[in-house]
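A.B. asks: Just so it is clear, I am handing over coords.pdb, which has PDB, C-alpha atoms, pLDDT in the B column.
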```pdb
ATOM      1  CA  MET A   1     -29.496-105.220-166.791  1.00 90.00           C
ATOM      2  CA  THR A   2     -28.539-106.293-170.275  1.00 94.00           C
ATOM      3  CA  GLN A   3     -29.444-109.867-171.114  1.00 96.00           C
ATOM      4  CA  TYR A   4     -26.417-112.160-171.287  1.00 98.00           C
ATOM      5  CA  PHE A   5     -25.169-115.611-170.384  1.00 97.00           C
ATOM      6  CA  GLU A   6     -21.804-117.167-169.711  1.00 98.00           C
ATOM      7  CA  LEU A   7     -20.791-120.794-170.004  1.00 98.00           C
ATOM      8  CA  ALA A   8     -17.539-122.499-169.059  1.00 98.00           C
ATOM      9  CA  CYS A   9     -16.752-126.093-169.971  1.00 98.00           C
ATOM     10  CA  PRO A  10     -13.833-128.405-170.772  1.00 98.00           C
ATOM     11  CA  SER A  11     -12.402-128.433-174.277  1.00 98.00           C
ATOM     12  CA  ARG A  12     -14.072-131.675-175.367  1.00 97.00           C
ATOM     13  CA  PRO A  13     -15.624-132.376-178.784  1.00 97.00           C
ATOM     14  CA  GLU A  14     -19.059-133.017-177.264  1.00 96.00           C
ATOM     15  CA  ASN A  15     -19.086-129.493-175.872  1.00 97.00           C
ATOM     16  CA  VAL A  16     -18.987-127.957-179.363  1.00 97.00           C
ATOM     17  CA  GLY A  17     -22.641-128.936-179.783  1.00 96.00           C
ATOM     18  CA  LEU A  18     -23.476-127.762-176.272  1.00 97.00           C
ATOM     19  CA  CYS A  19     -22.092-124.277-176.965  1.00 98.00           C
ATOM     20  CA  ARG A  20     -23.769-124.168-180.372  1.00 97.00           C
ATOM     21  CA  VAL A  21     -27.202-125.027-178.981  1.00 96.00           C
ATOM     22  CA  ALA A  22     -26.843-122.624-176.047  1.00 98.00           C
ATOM     23  CA  VAL A  23     -26.060-119.711-178.373  1.00 98.00           C
ATOM     24  CA  ALA A  24     -28.806-120.708-180.813  1.00 98.00           C
ATOM     25  CA  THR A  25     -31.363-120.681-177.984  1.00 97.00           C
ATOM     26  CA  PHE A  26     -30.145-117.287-176.803  1.00 98.00           C
ATOM     27  CA  ALA A  27     -30.264-115.886-180.364  1.00 98.00           C
ATOM     28  CA  ALA A  28     -33.776-117.238-180.874  1.00 97.00           C
ATOM     29  CA  ASN A  29     -34.917-115.412-177.736  1.00 96.00           C
ATOM     30  CA  LEU A  30     -33.438-112.207-179.182  1.00 96.00           C
ATOM     31  CA  GLY A  31     -35.604-112.573-182.298  1.00 96.00           C
ATOM     32  CA  PHE A  32     -33.073-113.745-184.869  1.00 97.00           C
ATOM     33  CA  THR A  33     -34.550-115.518-187.884  1.00 96.00           C
ATOM     34  CA  LEU A  34     -33.930-119.199-188.546  1.00 95.00           C
ATOM     35  CA  PRO A  35     -31.424-118.548-191.394  1.00 94.00           C
ATOM     36  CA  GLU A  36     -29.552-116.108-189.132  1.00 96.00           C
ATOM     37  CA  ILE A  37     -29.469-118.659-186.332  1.00 97.00           C
ATOM     38  CA  GLU A  38     -28.090-121.283-188.706  1.00 96.00           C
ATOM     39  CA  GLU A  39     -25.232-118.919-189.572  1.00 96.00           C
ATOM     40  CA  ILE A  40     -24.597-118.165-185.905  1.00 98.00           C
ATOM     41  CA  LYS A  41     -24.440-121.894-185.148  1.00 97.00           C
ATOM     42  CA  VAL A  42     -21.754-122.432-187.778  1.00 97.00           C
ATOM     43  CA  ALA A  43     -19.704-119.475-186.535  1.00 97.00           C
ATOM     44  CA  VAL A  44     -19.885-120.654-182.909  1.00 98.00           C
ATOM     45  CA  SER A  45     -19.099-124.221-183.882  1.00 97.00           C
ATOM     46  CA  GLU A  46     -15.961-123.077-185.692  1.00 96.00           C
ATOM     47  CA  ALA A  47     -14.753-120.921-182.808  1.00 97.00           C
ATOM     48  CA  VAL A  48     -15.305-123.629-180.200  1.00 98.00           C
ATOM     49  CA  SER A  49     -13.878-126.378-182.429  1.00 96.00           C
ATOM     50  CA  ASN A  50     -10.709-124.320-182.785  1.00 95.00           C
ATOM     51  CA  VAL A  51     -10.360-124.275-178.999  1.00 97.00           C
ATOM     52  CA  VAL A  52     -10.857-128.051-178.770  1.00 97.00           C
ATOM     53  CA  VAL A  53      -8.463-128.864-181.616  1.00 94.00           C
ATOM     54  CA  HIS A  54      -5.738-126.265-181.253  1.00 94.00           C
ATOM     55  CA  ALA A  55      -5.704-124.469-177.895  1.00 97.00           C
ATOM     56  CA  TYR A  56      -4.579-127.241-175.552  1.00 98.00           C
ATOM     57  CA  PRO A  57      -2.376-129.799-177.337  1.00 96.00           C
ATOM     58  CA  GLY A  58      -2.613-133.110-175.511  1.00 96.00           C
ATOM     59  CA  VAL A  59      -4.587-131.790-172.548  1.00 97.00           C
ATOM     60  CA  GLU A  60      -7.993-130.329-171.734  1.00 97.00           C
ATOM     61  CA  GLY A  61      -8.569-126.713-170.863  1.00 98.00           C
ATOM     62  CA  LEU A  62     -11.258-124.094-170.575  1.00 98.00           C
ATOM     63  CA  ILE A  63     -13.784-123.068-173.188  1.00 98.00           C
ATOM     64  CA  GLY A  64     -15.203-119.736-172.101  1.00 98.00           C
ATOM     65  CA  LEU A  65     -18.353-118.631-173.915  1.00 98.00           C
ATOM     66  CA  ARG A  66     -20.224-115.392-173.406  1.00 98.00           C
ATOM     67  CA  CYS A  67     -23.252-114.031-175.270  1.00 98.00           C
ATOM     68  CA  GLN A  68     -24.793-110.640-174.820  1.00 98.00           C
ATOM     69  CA  ASP A  69     -27.740-108.749-176.227  1.00 97.00           C
ATOM     70  CA  SER A  70     -26.279-105.741-178.019  1.00 97.00           C
ATOM     71  CA  GLY A  71     -29.636-104.084-178.578  1.00 95.00           C
ATOM     72  CA  ASP A  72     -29.626-104.571-182.337  1.00 95.00           C
ATOM     73  CA  GLY A  73     -28.193-108.075-182.235  1.00 97.00           C
ATOM     74  CA  ILE A  74     -25.798-110.352-180.430  1.00 98.00           C
ATOM     75  CA  VAL A  75     -22.181-110.275-179.274  1.00 98.00           C
ATOM     76  CA  ILE A  76     -20.541-113.675-178.894  1.00 98.00           C
ATOM     77  CA  SER A  77     -17.118-114.199-177.406  1.00 98.00           C
ATOM     78  CA  VAL A  78     -15.226-117.480-177.231  1.00 98.00           C
ATOM     79  CA  ARG A  79     -12.032-117.574-175.227  1.00 98.00           C
ATOM     80  CA  ASP A  80      -9.428-120.044-174.088  1.00 98.00           C
ATOM     81  CA  GLU A  81      -6.333-120.019-171.923  1.00 98.00           C
ATOM     82  CA  GLY A  82      -4.285-122.162-174.274  1.00 97.00           C
ATOM     83  CA  VAL A  83      -1.168-121.906-176.378  1.00 97.00           C
ATOM     84  CA  GLY A  84      -2.302-118.924-178.435  1.00 96.00           C
ATOM     85  CA  ILE A  85      -1.961-118.366-182.174  1.00 93.00           C
ATOM     86  CA  ALA A  86       1.525-117.536-183.441  1.00 88.00           C
ATOM     87  CA  ASP A  87       0.368-115.654-186.532  1.00 87.00           C
ATOM     88  CA  VAL A  88      -3.261-114.549-186.444  1.00 88.00           C
ATOM     89  CA  ALA A  89      -3.144-113.069-189.959  1.00 87.00           C
ATOM     90  CA  GLN A  90      -1.949-116.383-191.363  1.00 85.00           C
ATOM     91  CA  ALA A  91      -4.523-118.352-189.363  1.00 84.00           C
ATOM     92  CA  ARG A  92      -7.305-116.210-190.847  1.00 82.00           C
ATOM     93  CA  GLN A  93      -6.349-117.089-194.407  1.00 79.00           C
ATOM     94  CA  ALA A  94      -8.517-119.650-196.194  1.00 72.00           C
ATOM     95  CA  SER A  95      -6.997-123.110-196.469  1.00 66.00           C
ATOM     96  CA  PHE A  96      -4.465-122.527-193.723  1.00 54.00           C
ATOM     97  CA  SER A  97      -4.544-125.239-191.080  1.00 58.00           C
ATOM     98  CA  THR A  98      -1.961-127.002-188.976  1.00 57.00           C
ATOM     99  CA  ASP A  99      -4.171-130.113-189.184  1.00 61.00           C
ATOM    100  CA  PRO A 100      -4.314-131.911-192.582  1.00 59.00           C
ATOM    101  CA  GLU A 101      -7.845-133.144-191.843  1.00 67.00           C
ATOM    102  CA  ARG A 102      -9.140-129.614-191.471  1.00 64.00           C
ATOM    103  CA  MET A 103      -9.754-127.255-194.334  1.00 68.00           C
ATOM    104  CA  GLY A 104      -8.615-124.011-192.773  1.00 77.00           C
ATOM    105  CA  LEU A 105     -12.089-122.598-193.314  1.00 87.00           C
ATOM    106  CA  GLY A 106     -12.948-122.002-189.670  1.00 91.00           C
ATOM    107  CA  PHE A 107     -12.043-118.332-189.668  1.00 92.00           C
ATOM    108  CA  VAL A 108     -13.601-117.867-193.105  1.00 91.00           C
ATOM    109  CA  PHE A 109     -16.968-119.090-191.809  1.00 94.00           C
ATOM    110  CA  MET A 110     -16.669-117.038-188.612  1.00 96.00           C
ATOM    111  CA  GLU A 111     -15.987-113.876-190.601  1.00 94.00           C
ATOM    112  CA  SER A 112     -18.573-114.606-193.279  1.00 94.00           C
ATOM    113  CA  PHE A 113     -21.372-115.262-190.797  1.00 96.00           C
ATOM    114  CA  SER A 114     -20.618-112.249-188.575  1.00 97.00           C
ATOM    115  CA  ASP A 115     -21.021-108.526-189.163  1.00 97.00           C
ATOM    116  CA  GLU A 116     -17.948-107.772-187.064  1.00 97.00           C
ATOM    117  CA  PHE A 117     -15.202-110.185-186.141  1.00 96.00           C
ATOM    118  CA  SER A 118     -12.006-109.845-184.116  1.00 96.00           C
ATOM    119  CA  VAL A 119      -9.270-112.120-182.774  1.00 96.00           C
ATOM    120  CA  GLU A 120      -6.937-111.359-179.896  1.00 96.00           C
ATOM    121  CA  SER A 121      -4.247-113.898-179.120  1.00 96.00           C
ATOM    122  CA  ALA A 122      -1.093-114.072-177.037  1.00 96.00           C
ATOM    123  CA  LEU A 123       1.313-116.996-177.151  1.00 96.00           C
ATOM    124  CA  GLY A 124       1.107-119.031-173.980  1.00 96.00           C
ATOM    125  CA  LYS A 125      -1.840-117.016-172.680  1.00 97.00           C
ATOM    126  CA  GLY A 126      -4.739-117.826-174.951  1.00 97.00           C
ATOM    127  CA  THR A 127      -7.098-116.524-177.588  1.00 97.00           C
ATOM    128  CA  ARG A 128     -10.324-114.562-177.555  1.00 98.00           C
ATOM    129  CA  ILE A 129     -12.646-114.339-180.537  1.00 97.00           C
ATOM    130  CA  GLU A 130     -15.484-111.856-180.650  1.00 98.00           C
ATOM    131  CA  MET A 131     -18.277-111.940-183.196  1.00 98.00           C
ATOM    132  CA  ARG A 132     -21.082-109.432-183.554  1.00 98.00           C
ATOM    133  CA  LYS A 133     -24.175-110.055-185.598  1.00 98.00           C
ATOM    134  CA  ARG A 134     -27.086-107.698-186.121  1.00 97.00           C
ATOM    135  CA  ARG A 135     -30.655-108.866-186.501  1.00 95.00           C
ATOM    136  CA  GLU A 136     -32.200-108.564-189.916  1.00 86.00           C
ATOM    137  CA  ALA A 137     -34.339-105.429-189.938  1.00 69.00           C
ATOM    138  CA  PRO A 138     -38.020-106.371-189.621  1.00 65.00           C
ATOM    139  CA  ALA A 139     -40.025-105.989-192.810  1.00 51.00           C
ATOM    140  CA  GLU A 140     -41.768-102.660-193.207  1.00 56.00           C
ATOM    141  CA  GLY A 141     -45.249-102.753-191.754  1.00 50.00           C
ATOM    142  CA  ALA A 142     -44.476-105.950-189.829  1.00 46.00           C
TER     143      ALA A 142
ATOM    144  CA  MET B   1     -36.122-124.460-184.677  1.00 47.00           C
ATOM    145  CA  LEU B   2     -33.714-126.335-182.453  1.00 53.00           C
ATOM    146  CA  GLU B   3     -35.081-129.653-183.634  1.00 50.00           C
ATOM    147  CA  GLY B   4     -32.297-132.171-183.971  1.00 47.00           C
ATOM    148  CA  ALA B   5     -29.886-130.048-181.948  1.00 53.00           C
ATOM    149  CA  GLY B   6     -27.127-132.198-180.577  1.00 64.00           C
ATOM    150  CA  LYS B   7     -28.438-135.260-182.370  1.00 75.00           C
ATOM    151  CA  PRO B   8     -25.540-137.704-182.859  1.00 82.00           C
ATOM    152  CA  VAL B   9     -24.631-138.493-186.415  1.00 91.00           C
ATOM    153  CA  GLN B  10     -25.951-141.773-187.804  1.00 95.00           C
ATOM    154  CA  ILE B  11     -24.715-143.560-190.892  1.00 97.00           C
ATOM    155  CA  ALA B  12     -26.547-146.137-193.002  1.00 97.00           C
ATOM    156  CA  ILE B  13     -24.426-147.839-195.647  1.00 97.00           C
ATOM    157  CA  LYS B  14     -25.535-149.759-198.719  1.00 96.00           C
ATOM    158  CA  ARG B  15     -23.106-151.475-201.069  1.00 96.00           C
ATOM    159  CA  GLN B  16     -23.687-152.553-204.632  1.00 93.00           C
ATOM    160  CA  GLY B  17     -20.675-153.864-206.481  1.00 94.00           C
ATOM    161  CA  ARG B  18     -17.906-151.313-206.075  1.00 94.00           C
ATOM    162  CA  THR B  19     -20.356-148.508-205.351  1.00 95.00           C
ATOM    163  CA  ALA B  20     -21.349-147.609-201.803  1.00 97.00           C
ATOM    164  CA  THR B  21     -23.997-145.199-200.593  1.00 97.00           C
ATOM    165  CA  ALA B  22     -23.617-143.677-197.138  1.00 98.00           C
ATOM    166  CA  ARG B  23     -26.703-141.904-195.817  1.00 97.00           C
ATOM    167  CA  LEU B  24     -25.850-139.571-192.965  1.00 97.00           C
ATOM    168  CA  SER B  25     -28.256-137.974-190.513  1.00 97.00           C
ATOM    169  CA  GLY B  26     -27.840-135.798-187.443  1.00 96.00           C
ATOM    170  CA  GLU B  27     -25.122-133.218-186.854  1.00 96.00           C
ATOM    171  CA  PHE B  28     -21.810-133.593-188.670  1.00 96.00           C
ATOM    172  CA  ASP B  29     -19.342-131.659-186.528  1.00 96.00           C
ATOM    173  CA  LEU B  30     -16.105-132.216-184.614  1.00 96.00           C
ATOM    174  CA  LYS B  31     -17.673-134.841-182.351  1.00 96.00           C
ATOM    175  CA  ALA B  32     -19.101-136.806-185.268  1.00 96.00           C
ATOM    176  CA  ALA B  33     -16.013-136.515-187.468  1.00 96.00           C
ATOM    177  CA  PRO B  34     -14.056-139.577-186.184  1.00 96.00           C
ATOM    178  CA  GLN B  35     -17.050-141.908-186.581  1.00 96.00           C
ATOM    179  CA  VAL B  36     -17.815-140.776-190.127  1.00 97.00           C
ATOM    180  CA  ARG B  37     -14.125-140.836-191.076  1.00 97.00           C
ATOM    181  CA  GLU B  38     -13.770-144.417-189.842  1.00 97.00           C
ATOM    182  CA  GLN B  39     -16.860-145.627-191.709  1.00 97.00           C
ATOM    183  CA  LEU B  40     -15.888-143.980-194.985  1.00 98.00           C
ATOM    184  CA  ASP B  41     -12.266-145.108-194.717  1.00 98.00           C
ATOM    185  CA  GLY B  42     -13.594-148.635-194.234  1.00 97.00           C
ATOM    186  CA  LEU B  43     -15.401-148.383-197.568  1.00 98.00           C
ATOM    187  CA  ILE B  44     -12.285-147.072-199.306  1.00 98.00           C
ATOM    188  CA  ASP B  45     -10.136-149.804-197.770  1.00 97.00           C
ATOM    189  CA  ALA B  46     -12.702-152.390-198.909  1.00 97.00           C
ATOM    190  CA  GLY B  47     -12.077-151.335-202.505  1.00 97.00           C
ATOM    191  CA  MET B  48     -15.150-149.183-203.199  1.00 97.00           C
ATOM    192  CA  GLN B  49     -14.527-147.027-206.257  1.00 96.00           C
ATOM    193  CA  ARG B  50     -17.583-144.779-206.051  1.00 96.00           C
ATOM    194  CA  ILE B  51     -18.963-143.472-202.792  1.00 97.00           C
ATOM    195  CA  VAL B  52     -22.231-141.550-202.732  1.00 97.00           C
ATOM    196  CA  ILE B  53     -22.595-139.534-199.515  1.00 98.00           C
ATOM    197  CA  ASP B  54     -26.194-138.510-198.937  1.00 97.00           C
ATOM    198  CA  LEU B  55     -26.286-135.440-196.677  1.00 97.00           C
ATOM    199  CA  ARG B  56     -29.971-134.597-197.068  1.00 97.00           C
ATOM    200  CA  GLN B  57     -30.784-135.634-193.505  1.00 96.00           C
ATOM    201  CA  VAL B  58     -27.770-133.852-192.014  1.00 96.00           C
ATOM    202  CA  ARG B  59     -29.029-130.922-189.952  1.00 95.00           C
ATOM    203  CA  PHE B  60     -25.669-129.297-189.315  1.00 96.00           C
ATOM    204  CA  LEU B  61     -22.309-129.236-191.074  1.00 96.00           C
ATOM    205  CA  ASP B  62     -19.184-127.231-190.297  1.00 95.00           C
ATOM    206  CA  SER B  63     -15.541-127.274-191.379  1.00 94.00           C
ATOM    207  CA  SER B  64     -14.814-130.340-189.237  1.00 95.00           C
ATOM    208  CA  GLY B  65     -17.304-132.322-191.322  1.00 95.00           C
ATOM    209  CA  LEU B  66     -16.036-130.740-194.512  1.00 94.00           C
ATOM    210  CA  GLY B  67     -12.507-131.801-193.600  1.00 93.00           C
ATOM    211  CA  VAL B  68     -13.644-135.420-193.344  1.00 95.00           C
ATOM    212  CA  LEU B  69     -15.313-135.225-196.762  1.00 95.00           C
ATOM    213  CA  LEU B  70     -12.284-133.630-198.401  1.00 92.00           C
ATOM    214  CA  GLY B  71      -9.889-136.076-196.742  1.00 93.00           C
ATOM    215  CA  ARG B  72     -11.905-139.036-198.066  1.00 95.00           C
ATOM    216  CA  TYR B  73     -11.980-137.432-201.507  1.00 94.00           C
ATOM    217  CA  ARG B  74      -8.193-137.223-201.450  1.00 92.00           C
ATOM    218  CA  ARG B  75      -7.807-140.843-200.374  1.00 95.00           C
ATOM    219  CA  LEU B  76     -10.269-142.211-202.919  1.00 96.00           C
ATOM    220  CA  SER B  77      -9.087-140.063-205.827  1.00 94.00           C
ATOM    221  CA  GLU B  78      -5.543-141.364-205.265  1.00 95.00           C
ATOM    222  CA  ARG B  79      -7.029-144.805-206.014  1.00 95.00           C
ATOM    223  CA  GLY B  80      -8.881-143.581-209.074  1.00 96.00           C
ATOM    224  CA  GLY B  81     -12.277-143.422-207.374  1.00 96.00           C
ATOM    225  CA  SER B  82     -14.950-140.734-207.050  1.00 95.00           C
ATOM    226  CA  ILE B  83     -17.160-139.253-204.350  1.00 96.00           C
ATOM    227  CA  TYR B  84     -20.582-137.737-205.037  1.00 96.00           C
ATOM    228  CA  LEU B  85     -22.426-135.587-202.521  1.00 97.00           C
ATOM    229  CA  VAL B  86     -26.233-135.518-202.394  1.00 97.00           C
ATOM    230  CA  THR B  87     -27.635-132.435-200.670  1.00 96.00           C
ATOM    231  CA  ALA B  88     -30.790-130.423-200.304  1.00 93.00           C
ATOM    232  CA  ALA B  89     -31.055-127.467-202.680  1.00 89.00           C
ATOM    233  CA  GLU B  90     -30.981-124.956-199.849  1.00 89.00           C
ATOM    234  CA  GLY B  91     -30.296-124.627-196.156  1.00 91.00           C
ATOM    235  CA  SER B  92     -27.193-124.170-194.051  1.00 92.00           C
ATOM    236  CA  VAL B  93     -25.574-127.465-195.103  1.00 95.00           C
ATOM    237  CA  ARG B  94     -25.820-126.444-198.748  1.00 95.00           C
ATOM    238  CA  THR B  95     -24.520-122.949-197.942  1.00 94.00           C
ATOM    239  CA  VAL B  96     -21.482-124.345-196.134  1.00 94.00           C
ATOM    240  CA  LEU B  97     -20.760-126.750-199.001  1.00 95.00           C
ATOM    241  CA  GLU B  98     -21.062-123.984-201.587  1.00 93.00           C
ATOM    242  CA  MET B  99     -18.849-121.579-199.635  1.00 91.00           C
ATOM    243  CA  SER B 100     -16.155-124.208-199.136  1.00 90.00           C
ATOM    244  CA  GLY B 101     -15.683-124.791-202.853  1.00 87.00           C
ATOM    245  CA  VAL B 102     -15.830-128.587-202.479  1.00 89.00           C
ATOM    246  CA  ARG B 103     -18.065-128.807-205.539  1.00 87.00           C
ATOM    247  CA  GLN B 104     -14.961-128.147-207.613  1.00 89.00           C
ATOM    248  CA  VAL B 105     -13.863-131.695-206.787  1.00 90.00           C
ATOM    249  CA  MET B 106     -17.045-133.447-205.628  1.00 92.00           C
ATOM    250  CA  PRO B 107     -20.308-133.009-207.561  1.00 92.00           C
ATOM    251  CA  LEU B 108     -23.288-131.753-205.531  1.00 94.00           C
ATOM    252  CA  LEU B 109     -26.356-133.685-206.631  1.00 95.00           C
ATOM    253  CA  ALA B 110     -30.026-133.329-205.722  1.00 94.00           C
ATOM    254  CA  SER B 111     -30.704-137.070-205.503  1.00 93.00           C
ATOM    255  CA  GLU B 112     -28.956-140.411-205.736  1.00 90.00           C
ATOM    256  CA  SER B 113     -30.590-140.959-209.137  1.00 90.00           C
ATOM    257  CA  GLU B 114     -28.340-138.207-210.540  1.00 91.00           C
ATOM    258  CA  VAL B 115     -25.193-140.214-209.843  1.00 88.00           C
ATOM    259  CA  PRO B 116     -23.688-141.174-213.228  1.00 86.00           C
ATOM    260  CA  ARG B 117     -23.921-144.875-214.014  1.00 80.00           C
ATOM    261  CA  ALA B 118     -20.701-146.812-213.517  1.00 75.00           C
TER     262      ALA B 118
END
```
Produce structure tokens that represent the structure in this file.
C.D. replies:
Amino acid sequence: MTQYFELACPSRPENVGLCRVAVATFAANLGFTLPEIEEIKVAVSEAVSNVVVHAYPGVEGLIGLRCQDSGDGIVISVRDEGVGIADVAQARQASFSTDPERMGLGFVFMESFSDEFSVESALGKGTRIEMRKRREAPAEGA
Amino acid sequence: MLEGAGKPVQIAIKRQGRTATARLSGEFDLKAAPQVREQLDGLIDAGMQRIVIDLRQVRFLDSSGLGVLLGRYRRLSERGGSIYLVTAAEGSVRTVLEMSGVRQVMPLLASESEVPRA
């Protein structure tokens, strides 16, 4: 069986750190380097923060996190069952945010720190983000 | 490797005249953002004109933390003040700061001694 884990928790700010640490631990067990893990932590933090801030206006809902060993790296998915994103292309642009205290850089960091990145969203149904990151190839002779 | 993971943000503030230094440690994310925002807004409301934010002991920073920094920059610059960020030369906090472009409006310094004299 392929190594994986799933985590479900309420969309609360304190659970951003929980998800981040869980994925970092999983990535460390897969052999990612410390700099790679730092990038993964930022990407996960952005995806989960988006759920907390945007997915469930005024109420709490589900954060669904899944990580899987892809053989050459990690696949991370973060999903919610919230309001969805009206215009995904617009949301992915730098400096776009519906919240003046946020910089609109969440998607930029997710994309920058992943090798592959995708967003699926349906209004009133929710959003699912998937990020794939490959391990740095081990040094020759290592 | 996971040292400091989940460590709540802590803020130590020192004031000298109209200059304040805020030394942050821990993880500066969505959970920490309200606390840091409140502390820094308190300095702005108290009339501080220069705020030095020392991030060298911050182990994690994402766009939620960046948003707080940029928001305080906007508030203070409207009053003619300045914010200086002190960061380590490398590491994920520095990478996030560099990628965000905040250095275009807030200088990134290696130590508090690099802050220009008032």
A.B. asks: Using the chain letters and residue numbers of this document, give as a ChimeraX atom specification the residues selected by the PyMOL selection byres ((chain A) within 8 of (chain B)).
C.D. replies: /A:13-14,16-18,21,24-25,34-35,38-39,42,45-46,49,101-106
A.B. asks: Applied to this file, what does the PyMOL selection byres ((chain B and resi 76-83) around 6) return in terms of residues, put as JSON, numbers by chain?
C.D. replies: {"B": [49, 50, 51, 52, 73, 74, 75, 84, 106]}
A.B. asks: May I have the residues within 12 Å of Leu85 (chain B) as a ChimeraX atom specification, using all atoms listed in the file and disregarding those fewer than 2 positions away in the same chain?
C.D. replies: /B:21-24,50-56,58,66,69-70,72-73,82-83,87-89,93-94,97-98,102-115
A.B. asks: Which is closest to Ile63 (chain A) among A:Glu120, A:Glu6, A:Glu111, A:Glu130, if we use all atoms listed in the file?
C.D. replies: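 Going through A:Glu120, A:Glu6, A:Glu111, A:Glu130 one by one, the smallest distance to Ile63 (chain A) is for A:Glu6.
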A.B. asks: So what do you get for CA of Gly58 (chain A) versus CA of Pro10 (chain A), distance-wise?
C.D. replies: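 Separation between CA of Gly58 (chain A) and CA of Pro10 (chain A): 13.1 Å.
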A.B. asks: Which residues come within 12 Å of Val59 (chain A), counting only C-alpha atoms, excluding same-chain residues fewer than 2 positions away, as a PyMOL selection string?
C.D. replies: chain A and resi 10-12+51-57+61-62+81-83
A.B. asks: Evaluate the PyMOL selection byres ((chain A and resi 113) around 10) against this structure - the residues, as a tab-separated table (two decimals) with C-alpha atoms, keeping the file's coordinate frame, please.
C.D. replies:
```tsv
chain	number	residue	atom	x	y	z
A	36	GLU	CA	-29.55	-116.11	-189.13
A	37	ILE	CA	-29.47	-118.66	-186.33
A	38	GLU	CA	-28.09	-121.28	-188.71
A	39	GLU	CA	-25.23	-118.92	-189.57
A	40	ILE	CA	-24.60	-118.16	-185.90
A	41	LYS	CA	-24.44	-121.89	-185.15
A	42	VAL	CA	-21.75	-122.43	-187.78
A	43	ALA	CA	-19.70	-119.48	-186.54
A	44	VAL	CA	-19.89	-120.65	-182.91
A	107	PHE	CA	-12.04	-118.33	-189.67
A	108	VAL	CA	-13.60	-117.87	-193.10
A	109	PHE	CA	-16.97	-119.09	-191.81
A	110	MET	CA	-16.67	-117.04	-188.61
A	111	GLU	CA	-15.99	-113.88	-190.60
A	112	SER	CA	-18.57	-114.61	-193.28
A	114	SER	CA	-20.62	-112.25	-188.58
A	115	ASP	CA	-21.02	-108.53	-189.16
A	116	GLU	CA	-17.95	-107.77	-187.06
A	117	PHE	CA	-15.20	-110.18	-186.14
A	131	MET	CA	-18.28	-111.94	-183.20
A	132	ARG	CA	-21.08	-109.43	-183.55
A	133	LYS	CA	-24.18	-110.06	-185.60
```
A.B. asks: Please measure the separation of CA of Ser77 (chain A) and CA of Gln35 (chain B), giving the value in Å to one decimal.
C.D. replies: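 Computing it gives 29.2 Å between the two atoms.
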A.B. asks: Report, in Å with one decimal, the straight-line distance from CA of Ala122 (chain A) to CA of Ala86 (chain A).
C.D. replies: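 Those two atoms sit 7.7 Å apart.
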A.B. asks: When distances are computed from only C-alpha atoms, which of B:Leu43, B:Val86, B:Val36, B:Gln57 shows the smallest separation from Gly17 (chain B)?
C.D. replies: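 For Gly17 (chain B), the nearest of the given residues is B:Leu43.
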A.B. asks: Using all atoms listed in the file, find the one residue out of A:Asp69, A:Asp80, A:Glu60, A:Asp87 that sits nearest to Gly126 (chain A).
C.D. replies: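 Distance minimum relative to Gly126 (chain A) lands on A:Asp80.
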A.B. asks: Can you tell me which residues surround Thr2 (chain A) at a distance of at most 10 Å, considering only C-alpha atoms, apart from same-chain residues fewer than 5 positions away, and format the answer as a VMD selection string?
C.D. replies: chain A and resid 68 to 71
A.B. asks: Nearest residue to Lys14 (chain B) out of B:Phe28, B:Gln39, B:Gly101, B:Arg117, using all atoms listed in the file?
C.D. replies: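 Checking each candidate against Lys14 (chain B), we get B:Gln39 as the closest.
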